[in-house]
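A.B. asks: Please find input_0.cif (mmCIF, C-alpha atoms) on the next line:
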data_run
#
loop_
_atom_site.group_PDB
_atom_site.id
_atom_site.type_symbol
_atom_site.label_atom_id
_atom_site.label_comp_id
_atom_site.auth_asym_id
_atom_site.auth_seq_id
_atom_site.Cartn_x
_atom_site.Cartn_y
_atom_site.Cartn_z
ATOM 1 C CA MET A 4 0.282 -37.094 -63.623
ATOM 2 C CA PHE A 5 -2.847 -38.906 -62.430
ATOM 3 C CA GLN A 6 -0.963 -42.147 -63.109
ATOM 4 C CA VAL A 7 1.634 -41.176 -60.514
ATOM 5 C CA TYR A 8 -0.967 -40.385 -57.862
ATOM 6 C CA PHE A 9 -3.582 -43.035 -58.546
ATOM 7 C CA GLY A 10 -1.973 -45.706 -60.740
ATOM 8 C CA GLY A 11 0.884 -48.160 -60.490
ATOM 9 C CA LEU A 12 -0.368 -49.698 -57.293
ATOM 10 C CA ILE A 13 1.734 -52.847 -57.450
ATOM 11 C CA GLN A 14 5.046 -52.355 -59.234
ATOM 12 C CA ASP A 15 5.739 -48.650 -59.818
ATOM 13 C CA ARG A 16 8.619 -47.060 -57.937
ATOM 14 C CA LEU A 17 9.501 -43.465 -57.187
ATOM 15 C CA GLY A 18 12.941 -42.038 -56.483
ATOM 16 C CA ARG A 19 13.714 -39.483 -53.783
ATOM 17 C CA LEU A 20 13.548 -36.393 -55.971
ATOM 18 C CA GLY A 21 10.430 -37.588 -57.789
ATOM 19 C CA TYR A 22 8.745 -38.368 -54.479
ATOM 20 C CA LEU A 23 9.615 -34.934 -53.088
ATOM 21 C CA GLY A 24 8.362 -33.140 -56.205
ATOM 22 C CA PHE A 25 5.071 -35.010 -56.444
ATOM 23 C CA TRP A 26 4.565 -34.761 -52.666
ATOM 24 C CA LEU A 27 5.063 -30.972 -52.780
ATOM 25 C CA LEU A 28 2.669 -30.656 -55.725
ATOM 26 C CA LEU A 29 0.042 -32.680 -53.868
ATOM 27 C CA ALA A 30 0.569 -30.577 -50.725
ATOM 28 C CA VAL A 31 0.128 -27.329 -52.669
ATOM 29 C CA PHE A 32 -3.006 -28.653 -54.353
ATOM 30 C CA THR A 33 -4.457 -29.873 -51.029
ATOM 31 C CA ILE A 34 -3.747 -26.584 -49.260
ATOM 32 C CA THR A 35 -5.250 -24.648 -52.173
ATOM 33 C CA CYS A 36 -8.444 -26.712 -52.011
ATOM 34 C CA LEU A 37 -8.680 -26.212 -48.240
ATOM 35 C CA LEU A 38 -8.186 -22.462 -48.629
ATOM 36 C CA LEU A 39 -10.909 -22.324 -51.271
ATOM 37 C CA ILE A 40 -13.282 -24.172 -48.943
ATOM 38 C CA GLY A 41 -12.420 -21.724 -46.162
ATOM 39 C CA LEU A 42 -12.950 -18.802 -48.521
ATOM 40 C CA GLY A 43 -16.331 -20.201 -49.487
ATOM 41 C CA LEU A 44 -17.274 -20.518 -45.816
ATOM 42 C CA GLY A 45 -16.186 -16.930 -45.259
ATOM 43 C CA PHE A 46 -18.341 -15.688 -48.128
ATOM 44 C CA SER A 47 -21.329 -17.675 -46.935
ATOM 45 C CA GLU A 48 -20.806 -16.356 -43.408
ATOM 46 C CA ASP A 49 -20.971 -12.786 -44.731
ATOM 47 C CA LEU A 50 -24.068 -13.570 -46.786
ATOM 48 C CA VAL A 51 -25.856 -15.103 -43.805
ATOM 49 C CA GLY A 52 -25.033 -12.239 -41.481
ATOM 50 C CA GLY A 53 -21.774 -12.949 -39.718
ATOM 51 C CA GLU A 54 -22.387 -16.095 -37.644
ATOM 52 C CA LEU A 55 -20.316 -19.154 -38.561
ATOM 53 C CA GLN A 56 -22.865 -21.640 -37.187
ATOM 54 C CA ASP A 57 -25.608 -20.039 -39.289
ATOM 55 C CA ALA A 58 -23.371 -20.209 -42.363
ATOM 56 C CA GLN A 59 -22.647 -23.885 -41.760
ATOM 57 C CA GLN A 60 -26.356 -24.629 -41.314
ATOM 58 C CA THR A 61 -27.174 -22.690 -44.477
ATOM 59 C CA LEU A 62 -24.578 -24.653 -46.437
ATOM 60 C CA ARG A 63 -25.992 -27.912 -45.095
ATOM 61 C CA ASP A 64 -29.512 -26.846 -46.025
ATOM 62 C CA GLU A 65 -28.587 -25.571 -49.487
ATOM 63 C CA PHE A 66 -26.145 -28.260 -50.573
ATOM 64 C CA GLY A 67 -27.227 -31.166 -48.395
ATOM 65 C CA VAL A 68 -25.557 -34.469 -47.819
ATOM 66 C CA ALA A 69 -24.216 -34.674 -51.363
ATOM 67 C CA PHE A 70 -21.895 -31.701 -50.792
ATOM 68 C CA ILE A 71 -20.544 -33.198 -47.579
ATOM 69 C CA ALA A 72 -20.059 -36.541 -49.347
ATOM 70 C CA VAL A 73 -18.098 -34.815 -52.126
ATOM 71 C CA LEU A 74 -15.853 -33.158 -49.530
ATOM 72 C CA TRP A 75 -15.235 -36.515 -47.838
ATOM 73 C CA LEU A 76 -14.522 -38.145 -51.195
ATOM 74 C CA ALA A 77 -12.022 -35.409 -52.059
ATOM 75 C CA GLY A 78 -10.311 -35.900 -48.703
ATOM 76 C CA LEU A 79 -10.101 -39.648 -49.271
ATOM 77 C CA LEU A 80 -8.663 -39.095 -52.759
ATOM 78 C CA PHE A 81 -5.934 -36.838 -51.336
ATOM 79 C CA LEU A 82 -5.187 -39.430 -48.645
ATOM 80 C CA PHE A 83 -5.011 -42.253 -51.187
ATOM 81 C CA ALA A 84 -2.697 -40.227 -53.433
ATOM 82 C CA GLU A 85 -0.360 -39.571 -50.477
ATOM 83 C CA LEU A 86 -0.348 -43.241 -49.459
ATOM 84 C CA ASN A 87 0.258 -44.345 -53.057
ATOM 85 C CA LEU A 88 3.235 -41.986 -53.366
ATOM 86 C CA SER A 89 4.634 -43.342 -50.106
ATOM 87 C CA ALA A 90 4.105 -46.949 -51.186
ATOM 88 C CA LYS A 91 5.972 -46.296 -54.441
ATOM 89 C CA ARG A 92 8.853 -44.710 -52.555
ATOM 90 C CA VAL A 93 8.981 -47.575 -50.036
ATOM 91 C CA ARG A 94 9.012 -50.021 -52.953
ATOM 92 C CA HIS A 95 11.952 -48.127 -54.483
ATOM 93 C CA ILE A 96 13.816 -48.495 -51.189
ATOM 94 C CA GLY A 97 13.364 -52.257 -51.513
ATOM 95 C CA LEU A 98 10.568 -53.007 -49.055
ATOM 96 C CA PRO A 99 7.021 -54.187 -49.813
ATOM 97 C CA GLY A 100 5.221 -50.925 -50.599
ATOM 98 C CA TRP A 101 1.652 -51.136 -49.377
ATOM 99 C CA PRO A 102 2.175 -53.361 -46.303
ATOM 100 C CA VAL A 103 4.942 -51.111 -44.961
ATOM 101 C CA THR A 104 3.046 -47.920 -45.795
ATOM 102 C CA LEU A 105 -0.177 -49.097 -44.162
ATOM 103 C CA ALA A 106 1.639 -50.445 -41.091
ATOM 104 C CA ALA A 107 3.582 -47.203 -40.619
ATOM 105 C CA SER A 108 0.401 -45.168 -41.108
ATOM 106 C CA ALA A 109 -1.436 -47.290 -38.534
ATOM 107 C CA VAL A 110 1.380 -46.829 -36.005
ATOM 108 C CA ILE A 111 1.377 -43.054 -36.576
ATOM 109 C CA VAL A 112 -2.409 -42.734 -36.284
ATOM 110 C CA LEU A 113 -2.665 -44.995 -33.226
ATOM 111 C CA SER A 114 0.201 -43.260 -31.440
ATOM 112 C CA SER A 115 -1.425 -39.909 -32.163
ATOM 113 C CA LEU A 116 -4.799 -41.081 -30.856
ATOM 114 C CA LEU A 117 -3.666 -43.188 -27.915
ATOM 115 C CA VAL A 118 -0.475 -41.485 -26.693
ATOM 116 C CA SER A 119 -0.199 -37.882 -27.870
ATOM 117 C CA GLN A 120 -0.581 -35.852 -31.002
ATOM 118 C CA THR A 121 2.966 -34.594 -30.571
ATOM 119 C CA LEU A 122 4.284 -38.151 -30.801
ATOM 120 C CA GLY A 123 2.146 -38.784 -33.882
ATOM 121 C CA HIS A 124 3.466 -35.641 -35.562
ATOM 122 C CA GLY A 125 7.034 -36.574 -34.626
ATOM 123 C CA LEU A 126 6.685 -40.082 -36.050
ATOM 124 C CA SER A 127 5.110 -38.659 -39.186
ATOM 125 C CA LEU A 128 8.045 -36.280 -39.626
ATOM 126 C CA VAL A 129 10.561 -39.093 -39.074
ATOM 127 C CA ALA A 130 8.766 -41.274 -41.651
ATOM 128 C CA TRP A 131 8.701 -38.425 -44.176
ATOM 129 C CA LEU A 132 12.387 -37.661 -43.636
ATOM 130 C CA ALA A 133 13.175 -41.364 -44.076
ATOM 131 C CA LEU A 134 11.281 -41.407 -47.371
ATOM 132 C CA ILE A 135 13.223 -38.354 -48.524
ATOM 133 C CA GLY A 136 16.623 -39.441 -47.222
ATOM 134 C CA VAL A 137 16.941 -43.209 -47.643
ATOM 135 C CA PRO A 138 18.516 -44.104 -50.999
ATOM 136 C CA GLY A 139 16.709 -46.405 -53.389
ATOM 137 C CA GLY A 140 17.582 -50.082 -53.413
ATOM 138 C CA ILE A 141 19.215 -50.011 -49.986
ATOM 139 C CA VAL A 142 17.216 -53.080 -48.888
ATOM 140 C CA LYS A 143 18.328 -55.995 -51.039
ATOM 141 C CA LYS A 144 15.916 -58.786 -51.860
ATOM 142 C CA ARG A 145 17.080 -62.309 -51.165
#
Would you mind giving the structure from this file in structure tokens?
C.D. replies:
Amino acid sequence: MFQVYFGGLIQDRLGRLGYLGFWLLLAVFTITCLLLIGLGLGFSEDLVGGELQDAQQTLRDEFGVAFIAVLWLAGLLFLFAELNLSAKRVRHIGLPGWPVTLAASAVIVLSSLLVSQTLGHGLSLVAWLALIGVPGGIVKKR
């Protein structure tokens, strides 16, 4: 399973159903991790006395920079796994995987930052629906 998320960076492909299944599994795992972090913050808030800012400061003091670095690393791993799945699906469609995935991601992020978040979310939904709906091999290589 780790091979699907983190391996096959150059030639692996992923069909529509496989992409949807692995994407859903990654989404469930990501949401579960975020809920566990939120639960941990809630417990620490209760232990500190009910103030969220005090709980955050206590976590920073107790765990330090290493804990924050681990959280960032986990976030980057989830992002990389999502981009790798998308690149494999784009490759199955017949386009160059990583260049198209990175270009589409840049357009989505820049439109969200520079125009509106609603546009960014809309473009993200359109891209996801295209990855789910476009059949494999539709773009023929010359």
A.B. asks: Skip Ala106 in chain A itself and residues of its chain fewer than 4 positions away, then list as a list in words all residues within 12 Å of it, counting all atoms listed in the file.
C.D. replies: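 The neighbour list is Leu86, Ser89, Ala90, Val93, Pro99, Gly100, Trp101, Pro102, Val110, Ile111, Val112, Leu113 and Ala130 of chain A.
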A.B. asks: Spell out the residues picked by the PyMOL selection byres ((chain A and resi 91) around 10) here, as a list in words.
C.D. replies: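 Evaluating the PyMOL selection byres ((chain A and resi 91) around 10) on this file yields Val7, Tyr8, Gly11, Leu12, Ile13, Gln14, Asp15, Arg16, Leu17, Gly18, Tyr22, Leu86, Asn87, Leu88, Ser89, Ala90, Arg92, Val93, Arg94, His95, Ile96, Gly97, Leu98, Pro99, Gly100, Trp101 and Thr104 of chain A.
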A.B. asks: What's the separation between CA of Leu132 in chain A and CA of Leu27 in chain A, in Å to one decimal place?
C.D. replies: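 Answer for the CA of Leu132 in chain A to CA of Leu27 in chain A separation: 13.5 Å.
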A.B. asks: To one decimal place, how far is CA of Gly41 in chain A from CA of Leu79 in chain A in Å?
C.D. replies: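 We find that CA of Gly41 in chain A and CA of Leu79 in chain A lie 18.3 Å from each other.
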A.B. asks: What is the distance, in Å and to one decimal place, between CA of Leu39 in chain A and CA of Phe66 in chain A?
C.D. replies: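 Taking CA of Leu39 in chain A as the start and CA of Phe66 in chain A as the end point, the length is 16.4 Å.
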A.B. asks: Might you pull out every residue within 12 Å of Ala77 in chain A, with all atoms listed in the file counted and same-chain residues fewer than 4 positions away left off, and present them as JSON, numbers by chain?
C.D. replies: {"A": [32, 33, 36, 37, 40, 70, 71, 72, 73, 81, 82, 83, 84]}
A.B. asks: Which residues would end up in the selection if the PyMOL selection byres ((chain A and resi 126) around 12) were applied here, given that I need the answer as a PDB file with C-alpha atoms, in the coordinates of the input?
C.D. replies:
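Written output follows (part-v2.pdb):
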ATOM      1  CA  ALA A 107       3.582 -47.203 -40.619  1.00  0.00           C
ATOM      2  CA  SER A 108       0.401 -45.168 -41.108  1.00  0.00           C
ATOM      3  CA  ALA A 109      -1.436 -47.290 -38.534  1.00  0.00           C
ATOM      4  CA  VAL A 110       1.380 -46.829 -36.005  1.00  0.00           C
ATOM      5  CA  ILE A 111       1.377 -43.054 -36.576  1.00  0.00           C
ATOM      6  CA  VAL A 112      -2.409 -42.734 -36.284  1.00  0.00           C
ATOM      7  CA  LEU A 113      -2.665 -44.995 -33.226  1.00  0.00           C
ATOM      8  CA  SER A 114       0.201 -43.260 -31.440  1.00  0.00           C
ATOM      9  CA  SER A 115      -1.425 -39.909 -32.163  1.00  0.00           C
ATOM     10  CA  VAL A 118      -0.475 -41.485 -26.693  1.00  0.00           C
ATOM     11  CA  SER A 119      -0.199 -37.882 -27.870  1.00  0.00           C
ATOM     12  CA  GLN A 120      -0.581 -35.852 -31.002  1.00  0.00           C
ATOM     13  CA  THR A 121       2.966 -34.594 -30.571  1.00  0.00           C
ATOM     14  CA  LEU A 122       4.284 -38.151 -30.801  1.00  0.00           C
ATOM     15  CA  GLY A 123       2.146 -38.784 -33.882  1.00  0.00           C
ATOM     16  CA  HIS A 124       3.466 -35.641 -35.562  1.00  0.00           C
ATOM     17  CA  GLY A 125       7.034 -36.574 -34.626  1.00  0.00           C
ATOM     18  CA  SER A 127       5.110 -38.659 -39.186  1.00  0.00           C
ATOM     19  CA  LEU A 128       8.045 -36.280 -39.626  1.00  0.00           C
ATOM     20  CA  VAL A 129      10.561 -39.093 -39.074  1.00  0.00           C
ATOM     21  CA  ALA A 130       8.766 -41.274 -41.651  1.00  0.00           C
ATOM     22  CA  TRP A 131       8.701 -38.425 -44.176  1.00  0.00           C
ATOM     23  CA  LEU A 132      12.387 -37.661 -43.636  1.00  0.00           C
ATOM     24  CA  ALA A 133      13.175 -41.364 -44.076  1.00  0.00           C
TER      25      ALA A 133
END
A.B. asks: Since the input lacks some atoms of range 5-22 of chain A, please model N, CA, C and O atoms and print them as a CSV table (one decimal), keeping the file's coordinate frame.
C.D. replies:
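New file rebuild_12.csv:
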chain,number,residue,atom,x,y,z
A,5,PHE,N,-1.9,-38.1,-63.2
A,5,PHE,CA,-2.8,-38.9,-62.4
A,5,PHE,C,-2.3,-40.3,-62.3
A,5,PHE,O,-2.6,-41.0,-61.2
A,6,GLN,N,-1.6,-40.8,-63.2
A,6,GLN,CA,-1.0,-42.1,-63.1
A,6,GLN,C,0.0,-42.2,-61.9
A,6,GLN,O,0.0,-43.2,-61.2
A,7,VAL,N,0.7,-41.2,-61.7
A,7,VAL,CA,1.6,-41.2,-60.5
A,7,VAL,C,0.9,-41.2,-59.2
A,7,VAL,O,1.2,-42.0,-58.3
A,8,TYR,N,-0.2,-40.5,-59.1
A,8,TYR,CA,-1.0,-40.4,-57.9
A,8,TYR,C,-1.9,-41.5,-57.6
A,8,TYR,O,-2.1,-42.0,-56.5
A,9,PHE,N,-2.5,-42.0,-58.7
A,9,PHE,CA,-3.6,-43.0,-58.5
A,9,PHE,C,-3.3,-44.4,-59.2
A,9,PHE,O,-4.1,-45.3,-59.0
A,10,GLY,N,-2.3,-44.5,-60.0
A,10,GLY,CA,-2.0,-45.7,-60.7
A,10,GLY,C,-0.7,-46.4,-60.2
A,10,GLY,O,-0.1,-45.9,-59.3
A,11,GLY,N,-0.3,-47.5,-60.9
A,11,GLY,CA,0.9,-48.2,-60.5
A,11,GLY,C,0.9,-48.7,-59.1
A,11,GLY,O,1.9,-48.5,-58.3
A,12,LEU,N,-0.2,-49.3,-58.7
A,12,LEU,CA,-0.4,-49.7,-57.3
A,12,LEU,C,0.5,-50.9,-56.9
A,12,LEU,O,0.8,-51.0,-55.7
A,13,ILE,N,1.0,-51.6,-57.8
A,13,ILE,CA,1.7,-52.8,-57.4
A,13,ILE,C,3.2,-52.8,-57.7
A,13,ILE,O,4.0,-53.2,-56.9
A,14,GLN,N,3.6,-52.2,-58.9
A,14,GLN,CA,5.0,-52.4,-59.2
A,14,GLN,C,5.8,-51.0,-59.4
A,14,GLN,O,7.0,-51.0,-59.5
A,15,ASP,N,5.1,-49.9,-59.6
A,15,ASP,CA,5.7,-48.6,-59.8
A,15,ASP,C,6.6,-48.2,-58.6
A,15,ASP,O,6.3,-48.5,-57.5
A,16,ARG,N,7.7,-47.5,-58.9
A,16,ARG,CA,8.6,-47.1,-57.9
A,16,ARG,C,8.8,-45.6,-58.2
A,16,ARG,O,8.6,-45.0,-59.2
A,17,LEU,N,9.3,-44.9,-57.1
A,17,LEU,CA,9.5,-43.5,-57.2
A,17,LEU,C,10.8,-43.1,-56.4
A,17,LEU,O,10.9,-43.5,-55.3
A,18,GLY,N,11.7,-42.5,-57.1
A,18,GLY,CA,12.9,-42.0,-56.5
A,18,GLY,C,12.7,-40.9,-55.5
A,18,GLY,O,11.6,-40.3,-55.4
A,19,ARG,N,13.8,-40.5,-54.8
A,19,ARG,CA,13.7,-39.5,-53.8
A,19,ARG,C,13.3,-38.1,-54.3
A,19,ARG,O,12.4,-37.5,-53.8
A,20,LEU,N,13.9,-37.7,-55.4
A,20,LEU,CA,13.5,-36.4,-56.0
A,20,LEU,C,12.1,-36.4,-56.6
A,20,LEU,O,11.4,-35.4,-56.4
A,21,GLY,N,11.8,-37.5,-57.2
A,21,GLY,CA,10.4,-37.6,-57.8
A,21,GLY,C,9.4,-37.6,-56.7
A,21,GLY,O,8.3,-36.9,-56.8
A,22,TYR,N,9.7,-38.3,-55.6
A,22,TYR,CA,8.7,-38.4,-54.5
A,22,TYR,C,8.6,-37.0,-53.9
A,22,TYR,O,7.4,-36.5,-53.7
